[in-house]
$ cat start08.pdb   # PDB, C-alpha atoms
ATOM      1  CA  MET A   1      54.468   3.043  -9.859
ATOM      2  CA  TYR A   2      53.595   1.055 -12.960
ATOM      3  CA  ASP A   3      50.018   2.051 -13.777
ATOM      4  CA  ALA A   4      49.175   0.534 -17.153
ATOM      5  CA  THR A   5      45.736  -0.986 -17.571
ATOM      6  CA  MET A   6      43.947  -2.815 -20.320
ATOM      7  CA  ALA A   7      40.253  -3.162 -21.077
ATOM      8  CA  GLU A   8      38.457  -5.206 -23.699
ATOM      9  CA  THR A   9      35.333  -7.157 -24.502
ATOM     10  CA  ILE A  10      35.655 -10.896 -23.978
ATOM     11  CA  SER A  11      33.446 -13.942 -23.681
ATOM     12  CA  ILE A  12      33.103 -15.895 -20.429
ATOM     13  CA  ALA A  13      31.105 -18.902 -19.289
ATOM     14  CA  GLY A  14      27.942 -17.715 -17.550
ATOM     15  CA  HIS A  15      24.897 -19.499 -16.167
ATOM     16  CA  GLY A  16      24.683 -23.075 -17.394
ATOM     17  CA  GLY A  17      28.064 -22.727 -19.087
ATOM     18  CA  GLU A  18      26.621 -20.477 -21.801
ATOM     19  CA  GLN A  19      29.059 -18.008 -23.305
ATOM     20  CA  ILE A  20      28.171 -14.415 -22.489
ATOM     21  CA  GLU A  21      29.744 -11.118 -23.412
ATOM     22  CA  ALA A  22      31.711  -9.327 -20.685
ATOM     23  CA  TYR A  23      33.852  -6.227 -20.367
ATOM     24  CA  TYR A  24      37.172  -7.011 -18.712
ATOM     25  CA  ALA A  25      39.422  -4.291 -17.300
ATOM     26  CA  ARG A  26      42.592  -5.036 -15.392
ATOM     27  CA  PRO A  27      45.864  -3.575 -14.189
ATOM     28  CA  LEU A  28      48.852  -4.905 -16.097
ATOM     29  CA  GLY A  29      51.119  -5.136 -13.064
ATOM     30  CA  PRO A  30      52.051  -8.481 -11.516
ATOM     31  CA  GLY A  31      49.585  -8.190  -8.653
ATOM     32  CA  PRO A  32      48.352 -10.000  -6.788
ATOM     33  CA  PHE A  33      45.043  -8.195  -7.259
ATOM     34  CA  GLY A  34      41.558  -8.674  -5.907
ATOM     35  CA  GLY A  35      38.692  -9.069  -8.358
ATOM     36  CA  VAL A  36      35.418  -7.194  -8.732
ATOM     37  CA  VAL A  37      32.307  -8.304 -10.596
ATOM     38  CA  VAL A  38      30.563  -5.121 -11.745
ATOM     39  CA  ILE A  39      26.811  -5.664 -12.112
ATOM     40  CA  HIS A  40      25.312  -3.103 -14.466
ATOM     41  CA  HIS A  41      22.158  -1.132 -13.770
ATOM     42  CA  MET A  42      18.828  -1.818 -15.409
ATOM     43  CA  PRO A  43      19.573   0.502 -18.367
ATOM     44  CA  GLY A  44      22.211  -1.991 -19.273
ATOM     45  CA  TYR A  45      25.782  -2.645 -20.190
ATOM     46  CA  ASP A  46      26.487   0.925 -21.165
ATOM     47  CA  PRO A  47      29.593   3.099 -21.598
ATOM     48  CA  GLN A  48      29.260   4.558 -18.101
ATOM     49  CA  THR A  49      29.270   1.090 -16.505
ATOM     50  CA  LYS A  50      32.308   0.141 -18.553
ATOM     51  CA  GLU A  51      33.975   3.284 -17.209
ATOM     52  CA  ILE A  52      33.282   2.010 -13.690
ATOM     53  CA  ALA A  53      35.049  -1.258 -14.581
ATOM     54  CA  ARG A  54      38.043   0.724 -15.847
ATOM     55  CA  THR A  55      38.072   2.749 -12.620
ATOM     56  CA  PHE A  56      38.453  -0.458 -10.636
ATOM     57  CA  ALA A  57      41.362  -1.488 -12.873
ATOM     58  CA  VAL A  58      43.073   1.878 -12.403
ATOM     59  CA  ASN A  59      42.739   1.392  -8.658
ATOM     60  CA  GLY A  60      44.329  -2.046  -8.645
ATOM     61  CA  TYR A  61      41.476  -4.518  -9.139
ATOM     62  CA  ASN A  62      40.730  -6.972 -11.911
ATOM     63  CA  ALA A  63      37.189  -6.085 -12.930
ATOM     64  CA  ILE A  64      34.672  -7.818 -15.094
ATOM     65  CA  CYS A  65      31.222  -6.635 -16.091
ATOM     66  CA  PRO A  66      29.042  -9.374 -17.610
ATOM     67  CA  ASN A  67      26.485  -8.228 -20.150
ATOM     68  CA  LEU A  68      23.409  -9.590 -18.406
ATOM     69  CA  TYR A  69      21.356  -8.993 -21.557
ATOM     70  CA  THR A  70      23.627 -10.988 -23.873
ATOM     71  CA  ARG A  71      20.971 -13.633 -24.403
ATOM     72  CA  GLU A  72      18.077 -11.285 -25.133
ATOM     73  CA  ALA A  73      20.014  -8.980 -27.393
ATOM     74  CA  PRO A  74      23.391 -10.202 -28.636
ATOM     75  CA  GLY A  75      25.251  -7.412 -30.360
ATOM     76  CA  ALA A  76      22.512  -4.818 -29.816
ATOM     77  CA  SER A  77      23.241  -1.345 -28.476
ATOM     78  CA  PRO A  78      22.868  -1.140 -24.669
ATOM     79  CA  ASP A  79      19.635   0.841 -24.749
ATOM     80  CA  ASP A  80      17.993  -1.484 -27.264
ATOM     81  CA  ALA A  81      19.177  -4.468 -25.237
ATOM     82  CA  ALA A  82      17.764  -3.010 -22.028
ATOM     83  CA  ALA A  83      14.429  -2.387 -23.761
ATOM     84  CA  ALA A  84      14.335  -5.978 -25.025
ATOM     85  CA  ALA A  85      15.204  -7.368 -21.571
ATOM     86  CA  ARG A  86      12.553  -5.198 -19.957
ATOM     87  CA  ALA A  87       9.908  -6.336 -22.431
ATOM     88  CA  GLN A  88      10.741  -9.934 -21.549
ATOM     89  CA  GLY A  89      10.469  -9.373 -17.803
ATOM     90  CA  GLY A  90      14.092  -8.773 -16.867
ATOM     91  CA  VAL A  91      16.888 -11.063 -15.752
ATOM     92  CA  PRO A  92      15.772 -14.190 -13.846
ATOM     93  CA  ASP A  93      17.418 -14.491 -10.430
ATOM     94  CA  ASP A  94      18.888 -17.951 -11.026
ATOM     95  CA  ARG A  95      20.472 -16.850 -14.287
ATOM     96  CA  LEU A  96      21.963 -13.796 -12.579
ATOM     97  CA  VAL A  97      23.549 -15.955  -9.895
ATOM     98  CA  GLY A  98      24.958 -18.266 -12.573
ATOM     99  CA  ASP A  99      26.402 -15.383 -14.546
ATOM    100  CA  VAL A 100      28.035 -13.829 -11.470
ATOM    101  CA  ALA A 101      29.391 -17.248 -10.466
ATOM    102  CA  GLY A 102      30.956 -17.572 -13.918
ATOM    103  CA  ALA A 103      32.446 -14.091 -13.663
ATOM    104  CA  ALA A 104      33.859 -14.848 -10.195
ATOM    105  CA  THR A 105      35.388 -18.098 -11.424
ATOM    106  CA  PHE A 106      36.984 -16.198 -14.288
ATOM    107  CA  LEU A 107      38.496 -13.628 -11.900
ATOM    108  CA  ARG A 108      39.859 -16.271  -9.530
ATOM    109  CA  SER A 109      41.476 -18.085 -12.446
ATOM    110  CA  LEU A 110      43.617 -15.095 -13.438
ATOM    111  CA  GLU A 111      47.331 -15.462 -12.881
ATOM    112  CA  ASN A 112      47.549 -12.188 -10.988
ATOM    113  CA  SER A 113      44.512 -12.908  -8.785
ATOM    114  CA  ASN A 114      44.857 -12.939  -5.008
ATOM    115  CA  GLY A 115      41.906 -15.316  -4.907
ATOM    116  CA  LYS A 116      39.471 -12.745  -3.517
ATOM    117  CA  VAL A 117      36.372 -11.619  -5.377
ATOM    118  CA  GLY A 118      33.732  -9.051  -4.560
ATOM    119  CA  THR A 119      30.649  -7.725  -6.300
ATOM    120  CA  ILE A 120      29.224  -4.263  -6.811
ATOM    121  CA  GLY A 121      25.925  -3.423  -8.442
ATOM    122  CA  TYR A 122      23.849  -0.367  -9.135
ATOM    123  CA  CYS A 123      20.058   0.066  -9.246
ATOM    124  CA  SER A 124      18.657  -3.397 -10.142
ATOM    125  CA  GLY A 125      22.295  -4.504  -9.928
ATOM    126  CA  GLY A 126      22.354  -3.466  -6.259
ATOM    127  CA  ARG A 127      19.739  -6.080  -5.483
ATOM    128  CA  GLN A 128      21.613  -8.525  -7.703
ATOM    129  CA  SER A 129      24.880  -7.854  -5.835
ATOM    130  CA  PHE A 130      23.087  -8.761  -2.593
ATOM    131  CA  LEU A 131      21.501 -11.769  -4.289
ATOM    132  CA  ALA A 132      24.926 -12.978  -5.428
ATOM    133  CA  ALA A 133      26.343 -12.511  -1.939
ATOM    134  CA  VAL A 134      23.617 -14.638  -0.323
ATOM    135  CA  SER A 135      23.983 -17.297  -3.025
ATOM    136  CA  LEU A 136      27.725 -17.610  -3.645
ATOM    137  CA  PRO A 137      30.958 -17.655  -1.649
ATOM    138  CA  LEU A 138      32.317 -14.103  -1.989
ATOM    139  CA  ASP A 139      34.705 -11.865  -0.059
ATOM    140  CA  ALA A 140      32.854  -8.520  -0.194
ATOM    141  CA  ALA A 141      29.687  -7.119  -1.729
ATOM    142  CA  VAL A 142      28.513  -3.574  -2.412
ATOM    143  CA  ASP A 143      24.844  -2.733  -2.897
ATOM    144  CA  CYS A 144      24.305   0.684  -4.460
ATOM    145  CA  TYR A 145      20.634   1.625  -3.999
ATOM    146  CA  GLY A 146      19.228  -1.756  -4.950
ATOM    147  CA  ALA A 147      15.430  -1.836  -4.854
ATOM    148  CA  PHE A 148      13.373  -4.822  -3.706
ATOM    149  CA  VAL A 149      15.916  -6.484  -1.454
ATOM    150  CA  VAL A 150      13.217  -5.442   0.988
ATOM    151  CA  GLY A 151       9.658  -4.748  -0.090
ATOM    152  CA  THR A 152       7.291  -6.196  -2.593
ATOM    153  CA  PRO A 153       7.188  -4.708  -6.072
ATOM    154  CA  PRO A 154       4.036  -2.736  -6.924
ATOM    155  CA  GLU A 155       0.978  -4.533  -8.188
ATOM    156  CA  GLY A 156       1.081  -5.290 -11.883
ATOM    157  CA  MET A 157       4.857  -5.379 -12.214
ATOM    158  CA  PRO A 158       5.709  -7.947 -14.857
ATOM    159  CA  LEU A 159       9.237  -8.498 -13.577
ATOM    160  CA  LYS A 160       9.880 -11.665 -11.662
ATOM    161  CA  VAL A 161      11.619 -10.089  -8.697
ATOM    162  CA  GLY A 162      10.615 -10.420  -5.097
ATOM    163  CA  PRO A 163      12.055  -9.446  -1.743
ATOM    164  CA  ILE A 164      15.152 -11.416  -0.715
ATOM    165  CA  VAL A 165      15.796  -9.979   2.733
ATOM    166  CA  HIS A 166      14.902 -13.380   4.227
ATOM    167  CA  LEU A 167      18.092 -14.741   2.632
ATOM    168  CA  THR A 168      20.266 -12.434   4.763
ATOM    169  CA  LYS A 169      21.189 -15.390   6.962
ATOM    170  CA  ASN A 170      23.082 -16.837   3.980
ATOM    171  CA  LEU A 171      25.182 -13.713   3.372
ATOM    172  CA  SER A 172      28.687 -15.013   2.729
ATOM    173  CA  CYS A 173      30.698 -11.799   3.106
ATOM    174  CA  PRO A 174      30.759  -8.242   4.486
ATOM    175  CA  LEU A 175      28.243  -5.896   2.831
ATOM    176  CA  LEU A 176      28.641  -2.198   2.049
ATOM    177  CA  GLY A 177      25.362  -0.396   1.311
ATOM    178  CA  LEU A 178      25.276   3.043  -0.308
ATOM    179  CA  PHE A 179      21.890   4.720  -0.484
ATOM    180  CA  GLY A 180      20.215   8.040  -1.249
ATOM    181  CA  ALA A 181      18.166   9.390   1.638
ATOM    182  CA  GLU A 182      15.666  10.760  -0.904
ATOM    183  CA  ASP A 183      15.270   7.496  -2.794
ATOM    184  CA  SER A 184      11.889   5.805  -2.648
ATOM    185  CA  HIS A 185      13.086   2.447  -4.056
ATOM    186  CA  PRO A 186      14.698   1.550  -1.730
ATOM    187  CA  SER A 187      13.114   3.905   0.795
ATOM    188  CA  PRO A 188      14.972   4.836   3.996
ATOM    189  CA  GLU A 189      12.522   2.574   5.859
ATOM    190  CA  GLN A 190      13.431  -0.378   3.628
ATOM    191  CA  VAL A 191      17.141   0.316   4.126
ATOM    192  CA  GLN A 192      16.499   0.325   7.858
ATOM    193  CA  GLU A 193      14.656  -2.978   7.644
ATOM    194  CA  LEU A 194      17.588  -4.558   5.817
ATOM    195  CA  GLU A 195      19.955  -3.163   8.422
ATOM    196  CA  GLN A 196      17.852  -4.645  11.235
ATOM    197  CA  GLU A 197      17.990  -8.048   9.595
ATOM    198  CA  LEU A 198      21.761  -7.824   9.085
ATOM    199  CA  LYS A 199      22.116  -6.967  12.779
ATOM    200  CA  ALA A 200      19.803  -9.774  13.821
ATOM    201  CA  GLN A 201      21.821 -12.266  11.796
ATOM    202  CA  GLY A 202      25.138 -10.968  13.178
ATOM    203  CA  LYS A 203      26.464 -10.040   9.731
ATOM    204  CA  THR A 204      29.290  -7.593   9.030
ATOM    205  CA  TYR A 205      27.930  -4.574   7.179
ATOM    206  CA  GLU A 206      28.373  -0.855   6.713
ATOM    207  CA  PHE A 207      25.601   1.422   5.444
ATOM    208  CA  HIS A 208      25.793   5.040   4.330
ATOM    209  CA  SER A 209      22.774   7.105   3.291
ATOM    210  CA  TYR A 210      23.347  10.448   1.655
ATOM    211  CA  GLU A 211      21.155  13.490   2.282
ATOM    212  CA  GLY A 212      20.323  15.385  -0.887
ATOM    213  CA  ALA A 213      20.747  12.273  -3.010
ATOM    214  CA  GLY A 214      18.107  10.019  -4.491
ATOM    215  CA  HIS A 215      18.342   6.997  -6.723
ATOM    216  CA  ALA A 216      21.279   6.591  -9.117
ATOM    217  CA  PHE A 217      23.520   9.242  -7.572
ATOM    218  CA  PHE A 218      26.600   7.535  -9.066
ATOM    219  CA  ALA A 219      25.254   7.888 -12.636
ATOM    220  CA  VAL A 220      27.514  10.584 -14.069
ATOM    221  CA  ASN A 221      25.504  11.081 -17.267
ATOM    222  CA  ARG A 222      22.112  11.503 -15.612
ATOM    223  CA  PRO A 223      20.394  14.329 -13.748
ATOM    224  CA  SER A 224      20.345  12.090 -10.668
ATOM    225  CA  TYR A 225      24.133  12.408 -10.307
ATOM    226  CA  ARG A 226      25.151  13.910  -6.957
ATOM    227  CA  VAL A 227      28.804  14.728  -6.880
ATOM    228  CA  GLU A 228      29.281  14.816  -3.088
ATOM    229  CA  ALA A 229      27.485  11.520  -2.518
ATOM    230  CA  ALA A 230      29.317   9.876  -5.411
ATOM    231  CA  ASN A 231      32.726  11.112  -4.285
ATOM    232  CA  ASP A 232      32.172   9.955  -0.728
ATOM    233  CA  GLY A 233      30.699   6.691  -2.015
ATOM    234  CA  TRP A 234      33.799   5.964  -4.052
ATOM    235  CA  ASN A 235      35.950   6.611  -0.979
ATOM    236  CA  ARG A 236      33.815   4.175   1.009
ATOM    237  CA  ILE A 237      34.253   1.583  -1.731
ATOM    238  CA  TRP A 238      38.046   1.949  -1.777
ATOM    239  CA  ASP A 239      38.178   1.661   1.996
ATOM    240  CA  PHE A 240      35.848  -1.370   2.043
ATOM    241  CA  TYR A 241      37.477  -3.284  -0.779
ATOM    242  CA  GLY A 242      40.882  -2.299   0.629
ATOM    243  CA  ARG A 243      40.004  -4.172   3.801
ATOM    244  CA  TYR A 244      38.318  -7.205   2.284
ATOM    245  CA  LEU A 245      39.678  -7.732  -1.249
ATOM    246  CA  SER A 246      43.271  -6.569  -1.086
ATOM    247  CA  ALA A 247      46.034  -9.098  -0.601
TER     248      ALA A 247
ATOM    249  CA  MET B   1      13.491   4.157  -9.221
ATOM    250  CA  CYS B   2      13.593   1.398 -11.748
ATOM    251  CA  THR B   3       9.868   0.932 -11.942
ATOM    252  CA  TYR B   4       9.821  -2.060 -14.279
ATOM    253  CA  LEU B   5       6.132  -1.216 -14.792
ATOM    254  CA  THR B   6       5.496  -1.710 -18.439
ATOM    255  CA  GLU B   7       2.345  -1.601 -20.538
ATOM    256  CA  GLN B   8       2.766  -3.777 -23.572
ATOM    257  CA  ILE B   9       0.401  -3.631 -26.539
ATOM    258  CA  LYS B  10       0.214  -5.029 -30.040
ATOM    259  CA  VAL B  11       0.335  -2.397 -32.757
ATOM    260  CA  ALA B  12       0.133  -2.330 -36.534
ATOM    261  CA  GLY B  13       1.985   0.264 -38.573
ATOM    262  CA  SER B  14       5.532   1.245 -39.396
ATOM    263  CA  GLY B  15       8.375   3.042 -37.719
ATOM    264  CA  LYS B  16      11.662   4.469 -38.891
ATOM    265  CA  GLY B  17      14.676   3.271 -36.946
ATOM    266  CA  ALA B  18      18.429   3.476 -37.338
ATOM    267  CA  ASP B  19      18.312   1.202 -40.403
ATOM    268  CA  GLY B  20      15.265   2.730 -42.072
ATOM    269  CA  TRP B  21      11.607   1.829 -42.067
ATOM    270  CA  PHE B  22      10.279  -1.405 -40.645
ATOM    271  CA  GLY B  23       6.911  -2.867 -39.753
ATOM    272  CA  LEU B  24       5.802  -2.513 -36.134
ATOM    273  CA  THR B  25       4.205  -5.296 -34.147
ATOM    274  CA  ASP B  26       4.525  -4.231 -30.501
ATOM    275  CA  ALA B  27       4.862  -1.193 -28.269
ATOM    276  CA  SER B  28       6.075  -0.856 -24.685
ATOM    277  CA  VAL B  29       5.059   2.117 -22.554
ATOM    278  CA  TYR B  30       6.749   2.732 -19.224
ATOM    279  CA  PHE B  31       7.684   5.452 -16.759
ATOM    280  CA  ASP B  32      11.298   5.147 -15.723
ATOM    281  CA  HIS B  33      14.755   6.632 -15.966
ATOM    282  CA  PRO B  34      15.465   7.898 -19.459
ATOM    283  CA  VAL B  35      18.604   7.000 -21.366
ATOM    284  CA  HIS B  36      18.935  10.426 -22.915
ATOM    285  CA  ALA B  37      16.227  12.884 -21.825
ATOM    286  CA  SER B  38      17.336  15.338 -19.178
ATOM    287  CA  ALA B  39      14.885  14.229 -16.510
ATOM    288  CA  GLU B  40      15.095  11.809 -13.606
ATOM    289  CA  HIS B  41      12.046   9.987 -14.895
ATOM    290  CA  SER B  42      10.267  10.066 -18.218
ATOM    291  CA  LEU B  43       7.403   8.447 -20.050
ATOM    292  CA  ASN B  44       9.100   6.150 -22.506
ATOM    293  CA  ILE B  45       7.635   4.485 -25.543
ATOM    294  CA  ASP B  46       9.371   1.778 -27.536
ATOM    295  CA  PHE B  47       7.870   0.906 -30.906
ATOM    296  CA  LEU B  48       9.138  -2.561 -31.680
ATOM    297  CA  ASN B  49       9.330  -5.511 -33.978
ATOM    298  CA  PRO B  50      10.883  -8.262 -31.823
ATOM    299  CA  GLY B  51      10.849 -10.601 -34.813
ATOM    300  CA  GLN B  52      13.503  -8.411 -36.404
ATOM    301  CA  GLY B  53      15.656  -8.283 -33.264
ATOM    302  CA  PRO B  54      16.235  -5.809 -30.418
ATOM    303  CA  SER B  55      17.540  -3.099 -32.743
ATOM    304  CA  ALA B  56      14.198  -2.864 -34.558
ATOM    305  CA  ARG B  57      13.124  -0.152 -32.144
ATOM    306  CA  VAL B  58      11.967   3.441 -32.322
ATOM    307  CA  ALA B  59      12.282   4.995 -28.877
ATOM    308  CA  VAL B  60      10.985   8.235 -27.403
ATOM    309  CA  GLU B  61      11.449   9.615 -23.897
ATOM    310  CA  LEU B  62       9.014  12.372 -22.902
ATOM    311  CA  THR B  63       8.434  14.420 -19.785
ATOM    312  CA  ALA B  64       5.168  13.478 -18.098
ATOM    313  CA  ALA B  65       3.530  16.732 -19.251
ATOM    314  CA  SER B  66       4.680  16.190 -22.840
ATOM    315  CA  ALA B  67       3.383  12.655 -22.822
ATOM    316  CA  ARG B  68      -0.039  13.745 -21.617
ATOM    317  CA  ALA B  69      -0.109  16.488 -24.269
ATOM    318  CA  LEU B  70       0.799  13.899 -26.904
ATOM    319  CA  ALA B  71      -1.959  11.563 -25.739
ATOM    320  CA  ARG B  72      -4.501  14.417 -25.951
ATOM    321  CA  ALA B  73      -3.236  15.422 -29.384
ATOM    322  CA  ILE B  74      -3.580  11.868 -30.674
ATOM    323  CA  GLU B  75      -7.135  11.587 -29.345
ATOM    324  CA  ALA B  76      -8.079  15.013 -30.716
ATOM    325  CA  THR B  77      -6.636  14.234 -34.124
ATOM    326  CA  LEU B  78      -8.444  10.942 -34.362
ATOM    327  CA  ALA B  79     -11.687  12.530 -33.131
ATOM    328  CA  SER B  80     -11.563  15.123 -35.899
ATOM    329  CA  ALA B  81     -10.747  12.659 -38.665
ATOM    330  CA  PRO B  82     -13.666  11.661 -40.905
ATOM    331  CA  ALA B  83     -15.253   8.590 -39.392
ATOM    332  CA  ASP B  84     -15.301   6.742 -42.707
ATOM    333  CA  LEU B  85     -11.522   6.928 -42.875
ATOM    334  CA  LEU B  86     -10.936   5.288 -39.474
TER     335      LEU B  86
END
$ encode --input "start08.pdb" --output "structure tokens"
Amino acid sequence: MYDATMAETISIAGHGGEQIEAYYARPLGPGPFGGVVVIHHMPGYDPQTKEIARTFAVNGYNAICPNLYTREAPGASPDDAAAAARAQGGVPDDRLVGDVAGAATFLRSLENSNGKVGTIGYCSGGRQSFLAAVSLPLDAAVDCYGAFVVGTPPEGMPLKVGPIVHLTKNLSCPLLGLFGAEDSHPSPEQVQELEQELKAQGKTYEFHSYEGAGHAFFAVNRPSYRVEAANDGWNRIWDFYGRYLSA
Amino acid sequence: MCTYLTEQIKVAGSGKGADGWFGLTDASVYFDHPVHASAEHSLNIDFLNPGQGPSARVAVELTAASARALARAIEATLASAPADLL
């Protein structure tokens, strides 16, 4: 099987048509391939997230990871960019939706695209993956431990994020949720509340919560990494995207 | 969790970053996942000069106990300094 891939930094049209930086990884075969928008975690557009994009390419998906902090910190290192974005209150929801819409349009325009696009996001990106899926026409969405889909942020939080569970009725595609049973944001109770709402709205979803895992169990370079949860999570992702994004 | 909780203050002084010394204007203090420290959460301080761009930053990530010890050491040092120098 021909297994060449290519990955590089490009510029795409994001929210409002503004050019933003993005990391683009794709298989070089003829396809057709599904597309995945990788939404980075709050610590930013870092090497580990780019590795995730490459993993999707190796497994037969066109993947693109927009740098959500392009505007706050063009050209800065990921940690400096994340610090600058944090100090300014984070990524506004409408801008996030615009950036993901631009990334999805880019993926659908590729010659080897099968026309299907999904999202996956981690940490703050988990909430943003859900936000994209209730705001845009998509084919599959994966929420990895996104906080504040359910639940109000603690008092004094400067970030402009609020609960978005009430938007579940607008969910445009099947949702895969991967959570740590020991996470407190989102807590198991909040995951359950989201699940209840998905059920009530008759949406297609699949949730897995891992014992012994907390927040950020996919993060290979952090103490929160949990190999069993991450390995099973990846298998769930391949199965899910295989059903909903493959040709 | 990604706490987002951030204390932001104005500061005056200087810091040494990747490109040498620069004047400081702001500091952010928050408890969240570290980029580098081997802990699930840490007390992070960014000393900043946003006017010089996002890279004008001196960052530290401390365990909670270290951060409290640092805060005590700063207070103790200032308390023992001659009042006419402060």
$ atom_distance --input "start08.pdb" --atom1 "atom CA of Leu178 of chain A" --atom2 "atom CA of Tyr205 of chain A"
11.0 Å
$ atom_distance --input "start08.pdb" --atom1 "atom CA of Val29 of chain B" --atom2 "atom CA of Asn44 of chain B"
5.7 Å
$ atom_distance --input "start08.pdb" --atom1 "atom CA of Ala71 of chain B" --atom2 "atom CA of Ala27 of chain B"
14.7 Å
$ residues_around --input "start08.pdb" --residues "Ala82 of chain A" --least-positions-apart "4" --cutoff "12 Å" --atoms "only C-alpha atoms" --output "ChimeraX atom specification"
/A:40-46,67-74,76-78,86-91,124 /B:2,4,33-35,46,54-55,57,59
$ residues_around --input "start08.pdb" --residues "Ser38 of chain B" --least-positions-apart "2" --cutoff "10 Å" --atoms "all atoms listed in the file" --output "MDAnalysis selection string"
(chainID A and resid 221:224) or (chainID B and resid 33:36 40:42 61:63)
$ resolve_selection --input "start08.pdb" --expression "the PyMOL selection byres ((chain B and resi 30) around 8)" --output "mmCIF file with C-alpha atoms, in the frame of the given file"
data_model
loop_
_atom_site.group_PDB
_atom_site.id
_atom_site.type_symbol
_atom_site.label_atom_id
_atom_site.label_comp_id
_atom_site.auth_asym_id
_atom_site.auth_seq_id
_atom_site.Cartn_x
_atom_site.Cartn_y
_atom_site.Cartn_z
ATOM 1 C CA TYR B 4 9.821 -2.060 -14.279
ATOM 2 C CA LEU B 5 6.132 -1.216 -14.792
ATOM 3 C CA THR B 6 5.496 -1.710 -18.439
ATOM 4 C CA GLU B 7 2.345 -1.601 -20.538
ATOM 5 C CA SER B 28 6.075 -0.856 -24.685
ATOM 6 C CA VAL B 29 5.059 2.117 -22.554
ATOM 7 C CA PHE B 31 7.684 5.452 -16.759
ATOM 8 C CA ASP B 32 11.298 5.147 -15.723
ATOM 9 C CA LEU B 43 7.403 8.447 -20.050
ATOM 10 C CA ASN B 44 9.100 6.150 -22.506
ATOM 11 C CA ILE B 45 7.635 4.485 -25.543
#
$ closest_residue --input "start08.pdb" --among "A:Arg243, A:Arg236, A:His185, A:Lys199" --to "chain B" --atoms "only C-alpha atoms"
A:His185
$ residues_around --input "start08.pdb" --residues "Pro32 of chain A" --least-positions-apart "2" --cutoff "10 Å" --atoms "all atoms listed in the file" --output "list of chain:residue names"
A:Gly29, A:Pro30, A:Gly34, A:Gly35, A:Gly60, A:Tyr61, A:Asn62, A:Leu110, A:Glu111, A:Asn112, A:Ser113, A:Asn114, A:Gly115, A:Lys116, A:Ser246, A:Ala247
$ resolve_selection --input "start08.pdb" --expression "the PyMOL selection byres ((chain A and resi 125) around 10)" --output "PDB file with C-alpha atoms, in the coordinates of the input"
ATOM      1  CA  VAL A  38      30.563  -5.121 -11.745  1.00  0.00           C
ATOM      2  CA  ILE A  39      26.811  -5.664 -12.112  1.00  0.00           C
ATOM      3  CA  HIS A  40      25.312  -3.103 -14.466  1.00  0.00           C
ATOM      4  CA  HIS A  41      22.158  -1.132 -13.770  1.00  0.00           C
ATOM      5  CA  MET A  42      18.828  -1.818 -15.409  1.00  0.00           C
ATOM      6  CA  GLY A  44      22.211  -1.991 -19.273  1.00  0.00           C
ATOM      7  CA  LEU A  68      23.409  -9.590 -18.406  1.00  0.00           C
ATOM      8  CA  LEU A  96      21.963 -13.796 -12.579  1.00  0.00           C
ATOM      9  CA  THR A 119      30.649  -7.725  -6.300  1.00  0.00           C
ATOM     10  CA  ILE A 120      29.224  -4.263  -6.811  1.00  0.00           C
ATOM     11  CA  GLY A 121      25.925  -3.423  -8.442  1.00  0.00           C
ATOM     12  CA  TYR A 122      23.849  -0.367  -9.135  1.00  0.00           C
ATOM     13  CA  CYS A 123      20.058   0.066  -9.246  1.00  0.00           C
ATOM     14  CA  SER A 124      18.657  -3.397 -10.142  1.00  0.00           C
ATOM     15  CA  GLY A 126      22.354  -3.466  -6.259  1.00  0.00           C
ATOM     16  CA  ARG A 127      19.739  -6.080  -5.483  1.00  0.00           C
ATOM     17  CA  GLN A 128      21.613  -8.525  -7.703  1.00  0.00           C
ATOM     18  CA  SER A 129      24.880  -7.854  -5.835  1.00  0.00           C
ATOM     19  CA  PHE A 130      23.087  -8.761  -2.593  1.00  0.00           C
ATOM     20  CA  LEU A 131      21.501 -11.769  -4.289  1.00  0.00           C
ATOM     21  CA  ALA A 132      24.926 -12.978  -5.428  1.00  0.00           C
ATOM     22  CA  VAL A 142      28.513  -3.574  -2.412  1.00  0.00           C
ATOM     23  CA  ASP A 143      24.844  -2.733  -2.897  1.00  0.00           C
ATOM     24  CA  CYS A 144      24.305   0.684  -4.460  1.00  0.00           C
ATOM     25  CA  TYR A 145      20.634   1.625  -3.999  1.00  0.00           C
ATOM     26  CA  GLY A 146      19.228  -1.756  -4.950  1.00  0.00           C
ATOM     27  CA  ALA A 147      15.430  -1.836  -4.854  1.00  0.00           C
TER      28      ALA A 147
END
$ resolve_selection --input "start08.pdb" --expression "the PyMOL selection byres ((chain A and resi 180) around 8)" --output "mmCIF file with C-alpha atoms, in the coordinates of the input"
data_model
loop_
_atom_site.group_PDB
_atom_site.id
_atom_site.type_symbol
_atom_site.label_atom_id
_atom_site.label_comp_id
_atom_site.auth_asym_id
_atom_site.auth_seq_id
_atom_site.Cartn_x
_atom_site.Cartn_y
_atom_site.Cartn_z
ATOM 1 C CA TYR A 145 20.634 1.625 -3.999
ATOM 2 C CA LEU A 178 25.276 3.043 -0.308
ATOM 3 C CA PHE A 179 21.890 4.720 -0.484
ATOM 4 C CA ALA A 181 18.166 9.390 1.638
ATOM 5 C CA GLU A 182 15.666 10.760 -0.904
ATOM 6 C CA ASP A 183 15.270 7.496 -2.794
ATOM 7 C CA SER A 209 22.774 7.105 3.291
ATOM 8 C CA TYR A 210 23.347 10.448 1.655
ATOM 9 C CA GLU A 211 21.155 13.490 2.282
ATOM 10 C CA GLY A 212 20.323 15.385 -0.887
ATOM 11 C CA ALA A 213 20.747 12.273 -3.010
ATOM 12 C CA GLY A 214 18.107 10.019 -4.491
ATOM 13 C CA HIS A 215 18.342 6.997 -6.723
ATOM 14 C CA PHE A 217 23.520 9.242 -7.572
#
$ residues_around --input "start08.pdb" --residues "Gly118 of chain A" --least-positions-apart "5" --cutoff "7 Å" --atoms "all atoms listed in the file" --output "compact mmCIF listing (two decimals) with C-alpha atoms, in the frame of the given file"
# COMPACT_ATOMS: atom_id res chain seq x y z
CA GLY A 35 38.69 -9.07 -8.36
CA VAL A 36 35.42 -7.19 -8.73
CA VAL A 37 32.31 -8.30 -10.60
CA LEU A 138 32.32 -14.10 -1.99
CA ASP A 139 34.70 -11.86 -0.06
CA ALA A 140 32.85 -8.52 -0.19
CA ALA A 141 29.69 -7.12 -1.73
CA LEU A 245 39.68 -7.73 -1.25
